[in-house]
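For reference, the structure discussed in these notes is given below.
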There are 2 protein chains.
Amino acid sequence: MHKYSKQTRHLLAVDCVVFGFDGETLKILLIQRAFQPEKGNWSLMGGFVEANEGLDEASTRILKQLTGLDGVYLEQLHTYGDTNRDPIERTVSTAYFALIDINKYETQLSNDYHAEWFPLTAAPKLIFDHAEMVEAAKRRIRYKAALHPILFELLPKKFTIPQLQTLYESVFNTTIDKRNFSKRVLATGLVIKLAEKDKAGSKRGAYYYQLNMDNYYAKFQAFLNFIPNPDTLLL
Amino acid sequence: MHKYSKQTRHLLAVDCVVFGFDGETLKILLIQRAFQPEKGNWSLMGGFVEANEGLDEASTRILKQLTGLDGVYLEQLHTYGDTNRDPIERTVSTAYFALIDINKYETQLSNDYHAEWFPLTAAPKLIFDHAEMVEAAKRRIRYKAALHPILFELLPKKFTIPQLQTLYESVFNTTIDKRNFSKRVLATGLVIKLAEKDKAGSKRGAYYYQLNMDNYYAKFQAFLNFIPNPDTLLL
DNA sequence: GCAAAAGTGTTGAGGATACACCCATGG
DNA sequence: CCATGGGTGTATCCTCAACACTTTTGC
């Protein structure tokens, strides 16, 4: 029995903007929508919220269902409530964004599911207001990554400084002096140098690093300084 | 006729955390809930979202209905979707926060409406998860105000530098050297000195300033630097 | 041996902090 | 005349940006 019986009830959805990094460019994961309207058109990972699940739960479930992804960094972004954003029926949608290590799931995603990666700069037209969500997600990760070490979520557990730099450069669409970048990163105390080298990128090889978890949680909330001249960036 | 007829529909609410500054301390506006459950207990300004209104519209409407406030700074904060956050029936709520000049509405609020201001540090127990929303709003305005000039929304059109400093000090619960604070503020080019003085705070009087709207929108997105040592703040 | 990427130090400029005294005026 | 808050300048430090050469090794 409903106690708030006079109130209107609404459709509630979640949509996830999934970011991945392949070592070159920042990408987003899209699927072709499975039902009408806009069936077959490119869409974020989305679905309706069920009666007995929270929003975070719903986004986790939907991401798992559509892509098999589990245990990834997932954060609420914004809730979109325009009455006409879905032409069929008024639907309020809470957008989330996820950051994942693209290589960890690449084959799984293309084989078992029908999600595809697109470079951020070359994504197809998206349904409804999903392009707006992607824009907001991009702004949010730029904003957050300029001050907090979230981009490590996009890399494998073991990564090299040049890989990290390429990631920052592609997220912020800029170039950074490698001497200064390396100094900044090492100065945070967030990474630990390993003995092993990655020989894939060069003949000499680059040392692997991994996150220093002790410092990670402690420093996460502090304002770091990963990007030179953040003032001049359009955030 | 519903095209998504198989999907569950949900109750949707908005709740507004309204901040005000009286020259001394940061305060929030609360009302006593008008209906069951928790009737008579202290609550944020909240209400259900109707069928034909967007979320921003709903928050504006509800704020107006409950307090008479109109045209104030209002920003979406976060959406709370735990299934049991309202004991009567599952309700998803999108929280907003507002920043207003407390003096502008003080008498109106206490006479025409039954909202009351409470110092942030001495607020009563709140219904449901409203205390969590207030905490999140507090973190958000600290975070945002450390980098963007949003706190001017809490002051009258004409304000003095000492007033502004007291505001920053109370939001960040710290003390700032007045020479450095004044330099920082003036260096942004965000304020214009007026000829008139405010004689209320001292015998000598303090010059009034007002926002320089030309620079305001241009500089809003840049990372400013209003707070010394933001690293050390718990944000 | 050479091309291609990794790794590393120093210097200079500018911005941030620390700090103390005079000013205006109402009582 | 004095107490109270308002207003201002400077020296120092330190952080950040600019900048170039050596190392390694697969081919």
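Naming works like this for the structure tokens: A, B, ... for the chains as they're shown, residue 1 at the start of each chain, ligands 1 onward in shown order.
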Please report, as a tab-separated table, each residue of chain B lying at most 9 Å from chain D, together with the nearest pair of atoms and the separation in Å rounded to one decimal; use only C-alpha atoms (C1' of nucleotides), and order rows by chain and ascending residue number.
residue	atom	partner	partner_atom	distance
B:Pro162	CA	D:DG6	C1'	8.4
B:Arg179	CA	D:DT8	C1'	7.6
B:Gly201	CA	D:DG5	C1'	7.5
B:Ser202	CA	D:DG5	C1'	5.4
B:Lys203	CA	D:DG5	C1'	7.4
B:Arg204	CA	D:DG6	C1'	6.7
B:Gly205	CA	D:DG6	C1'	6.9
B:Ala206	CA	D:DG6	C1'	6.1
B:Tyr207	CA	D:DG6	C1'	8.8
(request) Name all residues at most 12 Å from A:Ser59 (count only C-alpha atoms (C1' of nucleotides); drop same-chain ones fewer than 6 positions away) and give them as number ranges by chain. (result) A: 12-18, 44-50, 53, 65-67, 69-77, 93-98; B: 81
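Comparing the minimum interatomic distances between B:Asp82 and each of A:Ile62, A:Glu57, A:Gly68, A:Arg33, counting only C-alpha atoms, we find that A:Glu57 sits nearest.
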(request) Check the DSSP output for the backbone and give back, as a PyMOL selection string, the residues of stretch 113-202 of chain A in strand (DSSP E). (result) chain A and resi 116-119+159-160+191-198
Against chain A, which residues of chain B fall within 7 Å? For each one I want the closest pair of atoms and the distance in Å (one decimal), counting only C-alpha atoms, rows by chain and increasing residue number, as JSON lines.
{"residue": "B:His2", "atom": "CA", "partner": "A:Glu89", "partner_atom": "CA", "distance": 6.8}
{"residue": "B:Lys3", "atom": "CA", "partner": "A:Ile88", "partner_atom": "CA", "distance": 6.3}
{"residue": "B:Thr8", "atom": "CA", "partner": "A:Glu50", "partner_atom": "CA", "distance": 6.1}
{"residue": "B:Arg9", "atom": "CA", "partner": "A:His10", "partner_atom": "CA", "distance": 4.7}
{"residue": "B:His10", "atom": "CA", "partner": "A:Arg9", "partner_atom": "CA", "distance": 4.7}
{"residue": "B:Leu11", "atom": "CA", "partner": "A:Arg9", "partner_atom": "CA", "distance": 4.8}
{"residue": "B:Leu12", "atom": "CA", "partner": "A:His10", "partner_atom": "CA", "distance": 6.8}
{"residue": "B:Glu50", "atom": "CA", "partner": "A:Thr8", "partner_atom": "CA", "distance": 6.1}
{"residue": "B:Ala51", "atom": "CA", "partner": "A:Thr8", "partner_atom": "CA", "distance": 6.1}
{"residue": "B:Asn52", "atom": "CA", "partner": "A:Thr83", "partner_atom": "CA", "distance": 6.2}
{"residue": "B:Glu53", "atom": "CA", "partner": "A:Thr83", "partner_atom": "CA", "distance": 6.1}
{"residue": "B:Gly54", "atom": "CA", "partner": "A:Asp82", "partner_atom": "CA", "distance": 4.5}
{"residue": "B:Leu55", "atom": "CA", "partner": "A:Gly81", "partner_atom": "CA", "distance": 5.1}
{"residue": "B:His78", "atom": "CA", "partner": "A:His78", "partner_atom": "CA", "distance": 6.8}
{"residue": "B:Thr79", "atom": "CA", "partner": "A:Thr79", "partner_atom": "CA", "distance": 6.9}
{"residue": "B:Gly81", "atom": "CA", "partner": "A:Gly54", "partner_atom": "CA", "distance": 5.0}
{"residue": "B:Asp82", "atom": "CA", "partner": "A:Gly54", "partner_atom": "CA", "distance": 4.5}
{"residue": "B:Thr83", "atom": "CA", "partner": "A:Gly54", "partner_atom": "CA", "distance": 5.4}
{"residue": "B:Ile88", "atom": "CA", "partner": "A:Lys3", "partner_atom": "CA", "distance": 6.3}
{"residue": "B:Glu89", "atom": "CA", "partner": "A:His2", "partner_atom": "CA", "distance": 6.8}
{"residue": "B:Gln221", "atom": "CA", "partner": "A:Leu235", "partner_atom": "CA", "distance": 6.4}
{"residue": "B:Ala222", "atom": "CA", "partner": "A:Asp231", "partner_atom": "CA", "distance": 5.0}
{"residue": "B:Phe223", "atom": "CA", "partner": "A:Asp231", "partner_atom": "CA", "distance": 5.1}
{"residue": "B:Pro230", "atom": "CA", "partner": "A:Phe223", "partner_atom": "CA", "distance": 6.7}
{"residue": "B:Asp231", "atom": "CA", "partner": "A:Ala222", "partner_atom": "CA", "distance": 5.0}
{"residue": "B:Leu235", "atom": "CA", "partner": "A:Gln221", "partner_atom": "CA", "distance": 6.3}
(request) Dump as a VMD selection string the residues of chain C that approach chain B to within 6 Å, counting only C-alpha atoms (C1' of nucleotides). (result) chain C and resid 24 to 26
With N, CA, C and O atoms (P, O5', C5', C4', C3', O3' and C1' of nucleotides) retained, could you export that selection as a CSV table (one decimal), in the first residue's frame?
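again.csv, freshly written:
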chain,number,residue,atom,x,y,z
C,24,DA,P,43.8,59.1,7.3
C,24,DA,O5',42.4,58.9,8.0
C,24,DA,C5',41.5,58.0,7.4
C,24,DA,C4',40.4,57.6,8.4
C,24,DA,C3',39.7,58.9,9.0
C,24,DA,O3',38.3,58.8,8.6
C,24,DA,C1',40.3,57.3,10.7
C,25,DT,P,37.3,60.0,8.8
C,25,DT,O5',36.7,59.5,10.2
C,25,DT,C5',36.0,58.3,10.3
C,25,DT,C4',35.7,58.0,11.7
C,25,DT,C3',35.1,59.2,12.5
C,25,DT,O3',34.0,58.7,13.2
C,25,DT,C1',36.7,58.2,13.8
C,26,DG,P,32.6,59.4,13.0
C,26,DG,O5',31.8,58.5,14.1
C,26,DG,C5',32.0,57.1,14.1
C,26,DG,C4',31.8,56.6,15.6
C,26,DG,C3',30.8,57.4,16.4
C,26,DG,O3',30.1,56.5,17.2
C,26,DG,C1',33.0,57.6,17.4
(request) Can you check which residues of stretch 180-219 of chain A DSSP gives as alpha helix (DSSP H) on the backbone and send them as an MDAnalysis selection string? (result) chainID A and resid 180:187 213:219
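Straight-line separation from atom CA of B:Leu30 to atom CA of B:Trp117: 6.4 Å.
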(request) Determine, counting only C-alpha atoms (C1' of nucleotides), which protein, DNA and RNA residues have an atom within 12 Å of an atom of B:Tyr105; residues of the same chain fewer than 3 positions away are not included. Present the result as a VMD selection string. (result) chain B and resid 20 to 22 29 67 to 70 72 100 to 102 108 to 113 115 to 117 154 156
Please produce a file of the residues just selected, as a compact mmCIF listing (two decimals), in the first residue's frame, where the atoms kept are N, CA and C atoms.
# COMPACT_ATOMS: atom_id res chain seq x y z
N GLY B 20 23.08 30.41 4.03
CA GLY B 20 23.05 31.86 4.18
C GLY B 20 24.17 32.29 5.11
N PHE B 21 24.56 33.55 4.99
CA PHE B 21 25.64 34.07 5.83
C PHE B 21 25.19 35.39 6.44
N ASP B 22 25.28 35.48 7.75
CA ASP B 22 24.77 36.67 8.44
C ASP B 22 25.87 37.63 8.84
N LEU B 29 19.00 26.82 6.21
CA LEU B 29 17.58 27.08 6.38
C LEU B 29 16.83 25.76 6.49
N THR B 67 9.57 28.98 0.84
CA THR B 67 10.33 30.08 1.44
C THR B 67 10.09 31.42 0.75
N GLY B 68 9.49 31.42 -0.43
CA GLY B 68 9.35 32.65 -1.17
C GLY B 68 10.60 33.04 -1.93
N LEU B 69 11.66 32.29 -1.75
CA LEU B 69 12.92 32.62 -2.43
C LEU B 69 12.81 32.37 -3.92
N ASP B 70 13.34 33.30 -4.67
CA ASP B 70 13.23 33.22 -6.13
C ASP B 70 14.49 33.84 -6.74
N VAL B 72 17.51 32.63 -6.98
CA VAL B 72 18.74 32.44 -6.22
C VAL B 72 19.65 31.43 -6.91
N ILE B 100 22.27 32.11 -0.66
CA ILE B 100 21.53 33.36 -0.69
C ILE B 100 22.07 34.38 0.30
N ASP B 101 21.77 35.60 0.03
CA ASP B 101 22.10 36.69 0.93
C ASP B 101 21.05 36.71 2.04
N ILE B 102 21.47 36.32 3.20
CA ILE B 102 20.53 36.06 4.30
C ILE B 102 19.73 37.30 4.68
N GLN B 108 11.18 38.45 5.75
CA GLN B 108 10.19 37.73 4.95
C GLN B 108 10.10 36.27 5.37
N LEU B 109 11.28 35.66 5.56
CA LEU B 109 11.31 34.24 5.89
C LEU B 109 10.67 33.96 7.23
N SER B 110 10.94 34.79 8.22
CA SER B 110 10.41 34.48 9.54
C SER B 110 8.94 34.88 9.66
N ASN B 111 8.50 35.84 8.87
CA ASN B 111 7.10 36.26 8.98
C ASN B 111 6.16 35.43 8.11
N ASP B 112 6.44 35.42 6.81
CA ASP B 112 5.49 34.79 5.89
C ASP B 112 5.61 33.27 5.87
N TYR B 113 6.78 32.77 6.21
CA TYR B 113 6.99 31.33 6.12
C TYR B 113 7.44 30.84 7.48
N ALA B 115 10.21 28.93 7.92
CA ALA B 115 11.58 28.42 7.83
C ALA B 115 12.45 29.14 8.86
N GLU B 116 13.45 28.44 9.37
CA GLU B 116 14.34 29.04 10.35
C GLU B 116 15.79 28.78 10.01
N TRP B 117 16.62 29.77 10.30
CA TRP B 117 18.05 29.64 10.09
C TRP B 117 18.71 28.99 11.30
N LEU B 154 26.56 34.75 -1.38
CA LEU B 154 26.08 34.82 0.00
C LEU B 154 26.09 36.23 0.55
N PRO B 156 25.61 40.62 0.15
CA PRO B 156 24.83 41.64 -0.57
C PRO B 156 25.59 42.13 -1.79
